[in-house]
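Student: Structure file work_1.cif, mmCIF, C-alpha atoms, is pasted below:
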```
data_final
loop_
_atom_site.label_atom_id
_atom_site.label_comp_id
_atom_site.auth_asym_id
_atom_site.auth_seq_id
_atom_site.Cartn_x
_atom_site.Cartn_y
_atom_site.Cartn_z
CA MET A 198 0.00 0.00 0.00
CA PHE A 199 2.77 2.48 0.85
CA ALA A 200 4.15 1.98 -2.66
CA GLN A 201 1.10 3.88 -3.95
CA ARG A 202 1.95 7.57 -3.85
CA ASP A 203 -1.63 8.84 -3.51
CA PHE A 204 -2.41 6.50 -0.61
CA ARG A 205 0.86 7.43 1.06
CA LEU A 206 -0.07 11.11 0.93
CA LEU A 207 -3.56 10.43 2.29
CA TRP A 208 -2.13 8.30 5.09
CA ALA A 209 0.47 10.91 6.08
CA GLY A 210 -2.06 13.74 6.18
CA GLN A 211 -4.63 11.74 8.12
CA THR A 212 -2.05 10.61 10.67
CA VAL A 213 -0.76 14.12 11.32
CA SER A 214 -4.34 15.40 11.58
CA ARG A 215 -5.25 12.70 14.13
CA LEU A 216 -2.21 13.67 16.19
CA GLY A 217 -3.32 17.30 16.25
CA SER A 218 -6.94 16.41 16.99
CA SER A 219 -5.93 14.24 19.94
CA VAL A 220 -4.09 17.25 21.38
CA THR A 221 -7.26 19.33 20.99
CA THR A 222 -9.33 16.65 22.73
CA VAL A 223 -7.33 17.42 25.87
CA ALA A 224 -6.59 21.11 25.31
CA LEU A 225 -10.04 22.43 24.34
CA PRO A 226 -11.83 21.59 27.60
CA LEU A 227 -8.76 22.80 29.52
CA VAL A 228 -9.08 26.19 27.80
CA ALA A 229 -12.62 26.41 29.16
CA VAL A 230 -11.58 25.33 32.67
CA LEU A 231 -8.24 27.10 33.07
CA THR A 232 -8.75 30.25 30.99
CA LEU A 233 -12.48 30.90 31.35
CA ASP A 234 -13.06 29.21 34.74
CA ALA A 235 -15.88 27.12 33.28
CA GLY A 236 -17.97 24.83 35.49
CA PRO A 237 -19.43 21.37 34.83
CA LEU A 238 -22.43 22.71 32.88
CA ALA A 239 -20.26 24.73 30.53
CA THR A 240 -17.86 21.87 29.86
CA GLY A 241 -20.83 19.57 29.27
CA LEU A 242 -22.22 22.03 26.73
CA LEU A 243 -18.82 22.12 25.05
CA THR A 244 -18.84 18.35 24.62
CA SER A 245 -22.43 18.42 23.35
CA ALA A 246 -21.57 21.13 20.83
CA ILE A 247 -18.99 18.83 19.24
CA TRP A 248 -21.48 16.00 18.68
CA LEU A 249 -24.63 18.02 17.92
CA PRO A 250 -23.75 18.53 14.22
CA TRP A 251 -24.08 14.79 13.65
CA LEU A 252 -27.73 14.98 14.63
CA LEU A 253 -28.39 18.10 12.55
CA PHE A 254 -26.33 17.46 9.42
CA GLY A 255 -25.41 13.76 9.43
CA LEU A 256 -28.07 12.66 6.93
CA PRO A 257 -28.05 15.62 4.48
CA ALA A 258 -24.22 15.60 4.48
CA GLY A 259 -24.29 12.28 2.65
CA VAL A 260 -26.40 13.79 -0.12
CA TRP A 261 -24.39 17.01 -0.49
CA VAL A 262 -21.03 15.28 -0.45
CA GLY A 263 -22.21 12.78 -3.05
CA ARG A 264 -22.71 15.58 -5.57
CA VAL A 265 -19.21 17.06 -5.49
CA SER A 266 -15.55 16.06 -5.41
CA ARG A 267 -14.80 14.19 -2.19
CA ARG A 268 -11.23 15.50 -2.23
CA ALA A 269 -12.41 19.11 -2.50
CA VAL A 270 -14.76 18.66 0.46
CA MET A 271 -11.96 17.18 2.58
CA ILE A 272 -9.57 20.00 1.71
CA GLY A 273 -12.21 22.63 2.51
CA CYS A 274 -13.05 21.00 5.84
CA ASN A 275 -9.36 20.84 6.80
CA LEU A 276 -8.83 24.52 5.96
CA GLY A 277 -11.99 25.52 7.81
CA SER A 278 -10.97 23.51 10.89
CA ALA A 279 -7.50 25.09 10.83
CA ALA A 280 -8.99 28.59 10.87
CA LEU A 281 -11.46 27.70 13.63
CA PHE A 282 -8.93 26.23 16.05
CA ALA A 283 -6.33 28.92 15.32
CA SER A 284 -8.92 31.56 16.27
CA VAL A 285 -8.93 30.39 19.91
CA PRO A 286 -5.32 31.31 20.82
CA VAL A 287 -5.58 34.49 18.73
CA ALA A 288 -8.66 35.58 20.67
CA GLY A 289 -6.88 34.65 23.90
CA TRP A 290 -3.85 36.78 23.04
CA PHE A 291 -6.09 39.78 22.41
CA GLY A 292 -8.06 39.15 25.61
CA VAL A 293 -11.41 38.63 23.84
CA LEU A 294 -11.86 34.87 24.24
CA THR A 295 -15.31 33.93 25.58
CA MET A 296 -17.23 30.75 26.27
CA ALA A 297 -19.52 31.60 23.35
CA HIS A 298 -16.44 31.64 21.11
CA LEU A 299 -15.36 28.20 22.34
CA LEU A 300 -18.86 26.79 21.84
CA ALA A 301 -18.96 28.19 18.30
CA VAL A 302 -15.57 26.66 17.51
CA ALA A 303 -16.63 23.29 18.93
CA PHE A 304 -19.91 23.32 16.97
CA LEU A 305 -18.45 24.50 13.65
CA GLY A 306 -15.49 22.14 14.07
CA GLY A 307 -18.05 19.36 14.51
CA VAL A 308 -19.79 20.45 11.29
CA CYS A 309 -16.46 20.20 9.44
CA SER A 310 -15.94 16.76 10.95
CA VAL A 311 -19.35 15.56 9.73
CA PHE A 312 -18.70 16.56 6.13
CA PHE A 313 -15.07 15.41 6.19
CA ASP A 314 -15.99 11.95 7.50
CA ALA A 315 -18.81 11.56 4.96
CA ALA A 316 -16.36 12.37 2.15
CA ASP A 317 -13.55 10.31 3.64
CA GLN A 318 -15.66 7.15 3.70
CA ALA A 319 -16.18 7.41 -0.06
CA TYR A 320 -12.70 8.69 -0.96
CA LEU A 321 -10.55 5.68 -0.08
CA PRO A 322 -12.41 3.39 -2.56
CA GLU A 323 -11.56 5.96 -5.23
CA LEU A 324 -7.83 5.60 -4.51
CA VAL A 325 -7.34 1.86 -3.90
CA ALA A 326 -8.63 -1.38 -5.38
CA PRO A 327 -11.49 -3.18 -3.56
CA GLU A 328 -9.20 -6.00 -2.46
CA ASP A 329 -6.90 -3.45 -0.77
CA LEU A 330 -9.62 -1.71 1.28
CA ILE A 331 -9.05 -3.73 4.47
CA GLU A 332 -5.31 -3.13 4.33
CA GLY A 333 -5.79 0.57 3.56
CA ASN A 334 -8.30 1.08 6.36
CA ALA A 335 -6.09 -0.89 8.73
CA LYS A 336 -3.08 1.32 8.01
CA LEU A 337 -5.13 4.51 8.39
CA THR A 338 -6.74 3.32 11.61
CA GLY A 339 -3.53 1.89 13.08
CA SER A 340 -1.50 5.04 12.57
CA GLY A 341 -4.44 7.09 13.80
CA SER A 342 -4.61 5.06 16.99
CA ALA A 343 -0.88 5.43 17.52
CA ALA A 344 -1.16 9.17 16.93
CA GLU A 345 -3.96 9.32 19.48
CA VAL A 346 -1.79 7.63 22.10
CA ALA A 347 1.09 10.01 21.38
CA GLY A 348 -1.15 13.06 21.13
CA ARG A 349 -2.66 12.60 24.58
CA GLY A 350 0.77 12.47 26.14
CA LEU A 351 1.98 15.38 24.02
CA ALA A 352 -1.05 17.45 24.99
CA GLY A 353 -0.13 17.48 28.67
CA LEU A 354 3.39 18.65 27.89
CA ILE A 355 2.19 21.35 25.48
CA VAL A 356 -0.41 22.68 27.92
CA GLN A 357 2.20 22.82 30.67
CA LEU A 358 4.79 24.61 28.51
CA VAL A 359 2.76 27.04 26.38
CA GLY A 360 -0.78 26.95 27.78
CA ALA A 361 -3.99 25.24 26.69
CA ALA A 362 -5.09 27.87 24.16
CA ALA A 363 -1.74 27.98 22.39
CA GLY A 364 -1.81 24.19 22.26
CA LEU A 365 -4.70 24.40 19.77
CA LEU A 366 -2.27 25.84 17.24
CA ILE A 367 -0.82 22.33 16.93
CA ASP A 368 -4.18 21.11 15.67
CA ALA A 369 -4.53 24.07 13.30
CA VAL A 370 -1.13 23.32 11.77
CA SER A 371 -1.99 19.61 11.50
CA PHE A 372 -5.11 20.47 9.49
CA LEU A 373 -3.05 22.63 7.13
CA ILE A 374 -0.60 19.76 6.61
CA ALA A 375 -3.49 17.37 5.90
CA ALA A 376 -4.94 19.82 3.35
CA GLY A 377 -1.51 20.11 1.72
CA THR A 378 -1.15 16.35 1.30
CA LEU A 379 -4.61 16.11 -0.27
CA LEU A 380 -3.70 18.87 -2.72
CA ARG A 381 -0.71 16.82 -3.89
CA ILE A 382 -2.77 13.71 -4.67
CA ARG A 383 -2.78 13.19 -8.42
CA SER A 384 -5.84 10.99 -8.78
CA ARG A 385 -8.88 13.19 -9.46
CA PRO A 386 -11.88 10.88 -9.89
CA GLU A 387 -15.16 12.51 -10.76
CA PRO A 388 -18.06 12.05 -8.31
CA VAL A 389 -20.76 9.58 -9.32
CA VAL A 390 -23.84 11.77 -9.71
CA ARG A 391 -27.32 10.76 -10.80
CA GLU A 392 -30.18 13.13 -11.42
CA GLN A 393 -32.93 12.04 -9.10
CA THR A 394 -35.37 13.27 -6.47
CA GLY A 395 -34.80 16.12 -4.05
CA MET A 396 -32.94 16.09 -0.75
CA LEU A 397 -35.53 14.13 1.23
CA GLY A 398 -35.94 11.59 -1.55
CA GLN A 399 -32.20 10.99 -1.76
CA VAL A 400 -31.88 10.67 2.01
CA ARG A 401 -34.76 8.20 1.96
CA GLU A 402 -33.12 6.20 -0.84
CA GLY A 403 -29.87 5.91 1.12
CA LEU A 404 -31.68 4.92 4.32
CA SER A 405 -33.81 2.38 2.45
CA PHE A 406 -30.71 0.64 1.13
CA LEU A 407 -29.02 0.80 4.54
CA LEU A 408 -31.98 -0.51 6.53
CA GLY A 409 -33.20 -2.94 3.87
CA ASP A 410 -29.98 -4.87 3.52
CA PRO A 411 -29.58 -7.65 6.13
CA TYR A 412 -25.80 -7.17 6.47
CA LEU A 413 -25.80 -3.38 6.71
CA ARG A 414 -28.81 -3.35 9.04
CA ALA A 415 -27.20 -5.78 11.48
CA PHE A 416 -23.88 -3.93 11.42
CA LEU A 417 -25.69 -0.62 11.99
CA CYS A 418 -27.43 -2.04 15.08
CA PHE A 419 -24.10 -3.35 16.33
CA GLY A 420 -22.38 0.03 15.92
CA ALA A 421 -25.19 1.95 17.62
CA ALA A 422 -25.45 -0.49 20.54
CA ALA A 423 -21.67 -0.75 20.95
CA ASN A 424 -21.26 3.03 21.04
CA PHE A 425 -24.03 3.30 23.63
CA ALA A 426 -22.29 0.77 25.88
CA LEU A 427 -18.80 2.18 25.27
CA MET A 428 -19.85 5.72 26.18
CA GLY A 429 -21.92 4.36 29.05
CA TYR A 430 -18.84 3.13 30.88
CA GLN A 431 -16.39 5.71 29.55
CA SER A 432 -18.51 8.54 30.94
CA ILE A 433 -17.90 7.26 34.50
CA LEU A 434 -14.54 5.59 33.93
CA ALA A 435 -12.33 8.15 35.70
CA LEU A 436 -14.65 8.19 38.71
CA PHE A 437 -14.82 4.39 38.76
CA LEU A 438 -11.06 3.92 38.63
CA VAL A 439 -10.36 6.45 41.38
CA ARG A 440 -13.32 6.05 43.73
CA ALA A 441 -14.45 2.45 43.28
CA ALA A 442 -11.31 0.67 42.11
CA GLY A 443 -8.92 2.59 44.40
CA ILE A 444 -6.43 3.41 41.64
CA ALA A 445 -4.28 6.50 42.14
CA PRO A 446 -5.43 9.47 40.01
CA GLY A 447 -1.99 9.76 38.45
CA TRP A 448 -2.43 6.35 36.82
CA VAL A 449 -5.75 7.12 35.12
CA GLY A 450 -4.15 8.80 32.12
CA ALA A 451 -1.64 5.98 31.73
CA LEU A 452 -4.44 3.41 31.80
CA ALA A 453 -6.33 5.38 29.12
CA SER A 454 -3.24 5.40 26.91
CA ALA A 455 -2.76 1.67 27.49
CA ALA A 456 -6.31 1.03 26.31
CA ALA A 457 -5.69 3.11 23.19
CA VAL A 458 -2.82 0.76 22.31
CA GLY A 459 -5.55 -1.81 21.67
CA GLY A 460 -6.51 0.22 18.62
CA VAL A 461 -3.04 -0.29 17.18
CA LEU A 462 -3.20 -4.03 17.91
CA GLY A 463 -6.63 -4.35 16.31
CA SER A 464 -5.53 -2.59 13.15
CA LEU A 465 -2.39 -4.74 12.88
CA ALA A 466 -4.42 -7.94 13.27
CA ALA A 467 -7.21 -7.16 10.79
CA ARG A 468 -5.57 -8.26 7.54
CA PRO A 469 -3.56 -11.25 8.92
CA LEU A 470 -6.67 -12.60 10.67
CA CYS A 471 -9.09 -12.18 7.77
CA ARG A 472 -6.80 -13.48 5.03
CA PRO A 473 -6.73 -17.13 6.21
CA LEU A 474 -10.08 -17.21 8.03
CA GLY A 475 -12.22 -15.03 5.79
CA THR A 476 -13.71 -11.64 6.61
CA ALA A 477 -17.01 -12.98 7.96
CA ARG A 478 -15.51 -15.85 9.94
CA GLY A 479 -12.73 -13.67 11.36
CA THR A 480 -15.26 -11.08 12.50
CA ARG A 481 -17.39 -13.76 14.15
CA ILE A 482 -14.42 -15.11 16.07
CA VAL A 483 -13.43 -11.67 17.35
CA LEU A 484 -16.97 -10.74 18.39
CA LEU A 485 -17.56 -13.99 20.25
CA THR A 486 -14.14 -14.58 21.85
CA VAL A 487 -12.33 -11.23 22.22
CA ALA A 488 -15.11 -8.73 22.98
CA PRO A 489 -16.25 -10.61 26.15
CA PHE A 490 -12.85 -9.81 27.71
CA GLY A 491 -14.43 -6.43 28.45
CA LEU A 492 -16.13 -8.12 31.40
CA LEU A 493 -12.75 -8.02 33.14
CA MET A 494 -12.88 -4.23 33.45
CA PRO A 495 -15.38 -4.11 36.33
CA LEU A 496 -12.88 -6.22 38.31
CA ALA A 497 -10.43 -3.30 38.35
CA GLY A 498 -8.61 -2.67 41.60
CA PRO A 499 -5.10 -2.33 43.01
CA GLY A 500 -2.51 -4.92 41.99
CA LEU A 501 -3.94 -7.81 39.99
CA GLY A 502 -7.17 -5.86 39.47
CA THR A 503 -5.24 -3.24 37.49
CA ALA A 504 -3.80 -5.92 35.21
CA LEU A 505 -7.29 -7.35 34.65
CA TYR A 506 -8.57 -3.89 33.74
CA VAL A 507 -5.72 -3.31 31.27
CA LEU A 508 -6.31 -6.72 29.63
CA GLY A 509 -10.04 -6.08 29.35
CA SER A 510 -9.72 -2.55 27.97
CA LEU A 511 -7.02 -3.58 25.48
CA ALA A 512 -9.19 -6.45 24.21
CA VAL A 513 -12.31 -4.29 23.86
CA VAL A 514 -10.57 -1.52 21.93
CA ALA A 515 -8.74 -4.03 19.72
CA ALA A 516 -11.98 -5.88 18.93
CA VAL A 517 -13.92 -2.68 18.19
CA VAL A 518 -11.19 -1.29 15.93
CA LEU A 519 -10.73 -4.57 14.05
CA CYS A 520 -14.48 -4.90 13.46
CA ASN A 521 -14.72 -1.26 12.37
CA ILE A 522 -11.96 -1.85 9.81
CA VAL A 523 -13.50 -5.02 8.38
CA LEU A 524 -17.11 -3.86 8.42
CA GLY A 525 -16.22 -0.38 7.17
CA SER A 526 -14.24 -1.88 4.28
CA PHE A 527 -17.19 -4.16 3.54
CA ARG A 528 -19.56 -1.19 3.36
CA GLN A 529 -17.21 0.68 1.03
CA SER A 530 -16.96 -2.20 -1.47
CA TYR A 531 -20.53 -3.51 -1.09
CA THR A 532 -22.51 -0.27 -1.46
CA PRO A 533 -23.16 1.04 -5.00
CA PRO A 534 -20.89 4.08 -5.60
CA GLU A 535 -23.79 6.47 -6.17
CA LEU A 536 -25.20 5.57 -2.73
CA LEU A 537 -21.99 5.31 -0.75
CA THR A 538 -21.84 8.79 0.77
CA ARG A 539 -25.51 8.60 1.78
CA VAL A 540 -25.21 5.11 3.25
CA ALA A 541 -22.00 6.04 5.09
CA ALA A 542 -23.52 9.26 6.44
CA GLY A 543 -26.70 7.46 7.50
CA SER A 544 -24.68 4.84 9.33
CA MET A 545 -22.48 7.43 11.07
CA PHE A 546 -25.58 9.46 11.99
CA ALA A 547 -27.10 6.45 13.75
CA VAL A 548 -23.98 5.32 15.58
CA HIS A 549 -23.10 8.86 16.69
CA ALA A 550 -26.63 9.52 17.94
CA THR A 551 -26.20 6.89 20.68
CA ILE A 552 -23.01 8.48 22.03
CA PRO A 553 -24.67 11.23 24.14
CA LEU A 554 -27.44 8.80 25.13
CA GLY A 555 -24.90 6.31 26.42
CA ALA A 556 -23.04 9.00 28.34
CA LEU A 557 -26.26 10.17 30.00
CA ALA A 558 -27.30 6.60 30.83
CA GLY A 559 -23.91 5.81 32.33
CA GLY A 560 -23.98 8.88 34.53
CA ALA A 561 -27.56 8.26 35.66
CA LEU A 562 -26.94 4.58 36.44
CA GLY A 563 -23.73 5.45 38.27
CA ALA A 564 -25.69 7.73 40.58
CA VAL A 565 -28.47 5.18 41.16
CA ILE A 566 -26.84 1.74 41.34
CA GLY A 567 -23.19 2.65 41.87
CA LEU A 568 -20.07 2.87 39.72
CA ARG A 569 -18.97 -0.77 39.71
CA ALA A 570 -22.50 -2.03 39.05
CA THR A 571 -22.78 0.38 36.12
CA MET A 572 -19.50 -0.96 34.71
CA TRP A 573 -20.96 -4.48 34.87
CA VAL A 574 -24.15 -3.35 33.11
CA MET A 575 -22.36 -1.50 30.31
CA THR A 576 -19.66 -4.11 29.66
CA GLY A 577 -22.39 -6.74 29.66
CA LEU A 578 -24.34 -4.72 27.09
CA LEU A 579 -21.19 -4.39 25.01
CA THR A 580 -20.75 -8.17 25.01
CA LEU A 581 -24.37 -8.65 23.97
CA ALA A 582 -23.95 -6.03 21.24
CA GLY A 583 -21.29 -8.27 19.72
CA THR A 584 -23.96 -10.87 18.96
CA LEU A 585 -26.08 -8.50 16.84
CA PRO A 586 -24.12 -9.02 13.58
CA LEU A 587 -24.89 -12.73 13.95
CA PHE A 588 -28.55 -11.90 13.23
CA SER A 589 -27.57 -11.62 9.57
CA PRO A 590 -26.04 -13.89 6.93
CA LEU A 591 -22.68 -13.16 8.59
CA ARG A 592 -23.26 -16.15 10.87
CA THR A 593 -23.05 -18.70 8.03
CA VAL A 594 -20.67 -17.33 5.38
CA ARG A 595 -16.88 -17.38 5.24
CA GLU A 596 -16.40 -14.16 3.28
CA LEU A 597 -18.46 -11.00 3.33
CA PRO A 598 -19.88 -10.31 -0.15
CA THR A 599 -18.45 -7.57 -2.36
CA ALA A 600 -21.78 -6.57 -3.92
CA PRO A 601 -25.50 -6.84 -3.18
CA PRO A 602 -27.44 -9.77 -4.70
CA GLY A 603 -28.54 -9.27 -8.27
CA THR A 604 -25.55 -7.19 -9.41
CA GLY A 605 -24.00 -10.05 -11.38
CA LYS A 606 -20.79 -10.16 -9.32
CA ILE A 607 -19.43 -13.36 -7.85
CA VAL A 608 -19.21 -12.86 -4.12
CA GLY A 609 -17.36 -16.01 -3.01
#
```
Would you mind writing the file out in C-alpha cells?
Tutor:
Amino acid sequence: MFAQRDFRLLWAGQTVSRLGSSVTTVALPLVAVLTLDAGPLATGLLTSAIWLPWLLFGLPAGVWVGRVSRRAVMIGCNLGSAALFASVPVAGWFGVLTMAHLLAVAFLGGVCSVFFDAADQAYLPELVAPEDLIEGNAKLTGSGSAAEVAGRGLAGLIVQLVGAAAGLLIDAVSFLIAAGTLLRIRSRPEPVVREQTGMLGQVREGLSFLLGDPYLRAFLCFGAAANFALMGYQSILALFLVRAAGIAPGWVGALASAAAVGGVLGSLAARPLCRPLGTARGTRIVLLTVAPFGLLMPLAGPGLGTALYVLGSLAVVAAVVLCNIVLGSFRQSYTPPELLTRVAAGSMFAVHATIPLGALAGGALGAVIGLRATMWVMTGLLTLAGTLPLFSPLRTVRELPTAPPGTGKIVG
C-alpha cells in the first residue's frame, strides 16, 4: 500500500491530523476550565456542541457530499478547521476569548468533521482497489490510533509549557498539513452523480438501502449499541477507577493510553486474521471470543485488578477497531458508488446519535446503582452487542460479499 503515492499522501495527512486532533481533545476543555473558569455545565455544553452537528447534518451531508468532489470537500473542511482552532489562541492573546467563542468553535469544528468523514468514507475506494480496502483502512486506523496515544501524552506537555489555548495551534497546523497532502494527490476521480429526487428523496433512498440490507442493518445495530455501551462506561470511567477501584489518580491517564494501544493491535491484526479465516468468519471469532474480555474491566482494583482492567480494555478496543476496519471496508466495497456517501452518512448518523445517550445513561446509572455495578451493566451490554451481527447472513458465510445480490458479481 505504501508503494502507492496517492495513498501514502492520504495516510500521512490523516495521521498528522489525528495527532493534532488528539491534542485538541485534551486542550479544548482545559481552555474552558483554566482560561475561562468554566464549570461542569459549561464543559458539558462544550462536549455536546462537538457531537450536535451529527444529529443536525449527518443525513443531508451524505447527499451534499455525493454531488461534489470528495477530495475538494476534505480540503475545505481541513482549511476551515485550521482557521477555527487557530482563532482560539488568537482571541486569547487579544483578551477577547469567551465561552460563546469556544462553543462556536466546537460546533463548527463538529460540522467540518461531519462533512469530512462523509467524504472520507467514499474517498478511499476511489484511490485503492477493492481488495486493498481492508489493508488501507487498517493502516489509516492503526497510525491514527498510535497518533492518538502520542497526542494525549503530548497534549499534557504542550499545555504545561505554552498553555492550553496555544496548544490548539498544533491542531490548526496539522489540518493545514493534511490539506496540503490532499492537494498533492494526483488521482482526481469525478463524483458519481445521478439526477434524481430532491434532498428528502435521496436521504430516503440511502436509508432504504441501509436498513433494507440484512448485512448493513445488522452492522448498523451493532455500531449503535456498541457506542451506547462504550460511552456508558467511559462517561464514568475516571470516577470508577479512582473512587471504586482505588487506583491512584496519576495512573488514570496511563491506563487510558494503554487502552488506546488496543486500537493499534486491532488494526495490525485485521488483515492477517481475515486473510486465512475469511472476513465474515474472522469477525465472528473476534466478536464472540475477544469482545467478552471487556467483562474483566469491572474487576479493576489495586494490583492484579489493574492488570485485569488493562487486559479487558485492550481487548475491547482491539476488537472494536478490528471490526470497524473489516465492516467499514465491507460497506465501502458492497454499497453502489452512487449511494456510498448517503449510506456512510446514515450509518455514522445512527452510531453517533447513541453516544450522548450512552453517556447520560452511564452517569444516571452510576448515581443510582453505583459505579462498579454500572460498569458491569455497560460491559455486559457491550458483550451482547457483539452478537447483533450474527442476526444476519454473517453467521453462516466465510467471506463478506463484495456486492448486493442481483448485481451479477461473484461474491465467493
Student: Mind pulling up the distance from atom CA of A:Ala362 to atom CA of A:Leu452?
Tutor: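 Distance reported for this atom pair: 25.6 Å.
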Student: So which residues get picked by the PyMOL selection byres ((chain A and resi 315-330) around 9) here, written as a PyMOL selection string?
Tutor: chain A and resi 198+201+203-204+207+255+258-259+262-263+266-268+270-271+310-314+331-335+384-386+522-523+525-527+529-530+534+537-539+541-542+545+599
Student: Given 3 Å of margin on each side, can you work out the centre and size in Å (one decimal) of an axis-aligned box holding every listed atom of stretch 566-582 of chain A, as lines of an AutoDock Vina configuration file?
Tutor:
```
center_x = -22.9
center_y = -2.9
center_z = 31.6
size_x = 13.9
size_y = 17.5
size_z = 26.6
```
Student: Between A:Ala441, A:Leu562, A:Ala422, A:Ala467, which has the minimum distance to A:Leu585 (counting only C-alpha atoms)?
Tutor: A:Ala422
Student: So, with only C-alpha atoms as the atoms that count, which of A:Ile374, A:Val594, A:Ala442, A:Ile433 lies closest to A:Met575?
Tutor: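 Comparing A:Ile374, A:Val594, A:Ala442, A:Ile433 against A:Met575, the winner is A:Ile433.
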Student: For the atom pair atom CA of A:Leu470 and atom CA of A:Arg595, what is the interatomic distance in Å to one decimal place?
Tutor: 12.5 Å
Student: If the PyMOL selection byres ((chain A and resi 496) around 9) were run on this exact file, what residues would it hold? Put them as a ChimeraX atom specification.
Tutor: /A:442,492-495,497-498,502-503,505-506,569,573
Student: Find the residues near A:Thr551: any atom within 8 Å, counting only C-alpha atoms, skip ones fewer than 5 places away on the same chain, and give them as a PyMOL selection string.
Tutor: chain A and resi 421-422+424-425
Student: If the PyMOL selection byres ((chain A and resi 552) around 9) were run on this exact file, what residues would it hold? Put them as a PDB file with C-alpha atoms, in the frame of the given file.
Tutor:
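What follows is the written file out_9.pdb:
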```pdb
ATOM      1  CA  TRP A 248     -21.480  16.000  18.680  1.00  0.00           C
ATOM      2  CA  ALA A 421     -25.190   1.950  17.620  1.00  0.00           C
ATOM      3  CA  ASN A 424     -21.260   3.030  21.040  1.00  0.00           C
ATOM      4  CA  PHE A 425     -24.030   3.300  23.630  1.00  0.00           C
ATOM      5  CA  ALA A 426     -22.290   0.770  25.880  1.00  0.00           C
ATOM      6  CA  LEU A 427     -18.800   2.180  25.270  1.00  0.00           C
ATOM      7  CA  MET A 428     -19.850   5.720  26.180  1.00  0.00           C
ATOM      8  CA  GLY A 429     -21.920   4.360  29.050  1.00  0.00           C
ATOM      9  CA  VAL A 548     -23.980   5.320  15.580  1.00  0.00           C
ATOM     10  CA  HIS A 549     -23.100   8.860  16.690  1.00  0.00           C
ATOM     11  CA  ALA A 550     -26.630   9.520  17.940  1.00  0.00           C
ATOM     12  CA  THR A 551     -26.200   6.890  20.680  1.00  0.00           C
ATOM     13  CA  PRO A 553     -24.670  11.230  24.140  1.00  0.00           C
ATOM     14  CA  LEU A 554     -27.440   8.800  25.130  1.00  0.00           C
ATOM     15  CA  GLY A 555     -24.900   6.310  26.420  1.00  0.00           C
ATOM     16  CA  ALA A 556     -23.040   9.000  28.340  1.00  0.00           C
ATOM     17  CA  LEU A 557     -26.260  10.170  30.000  1.00  0.00           C
TER      18      LEU A 557
END
```
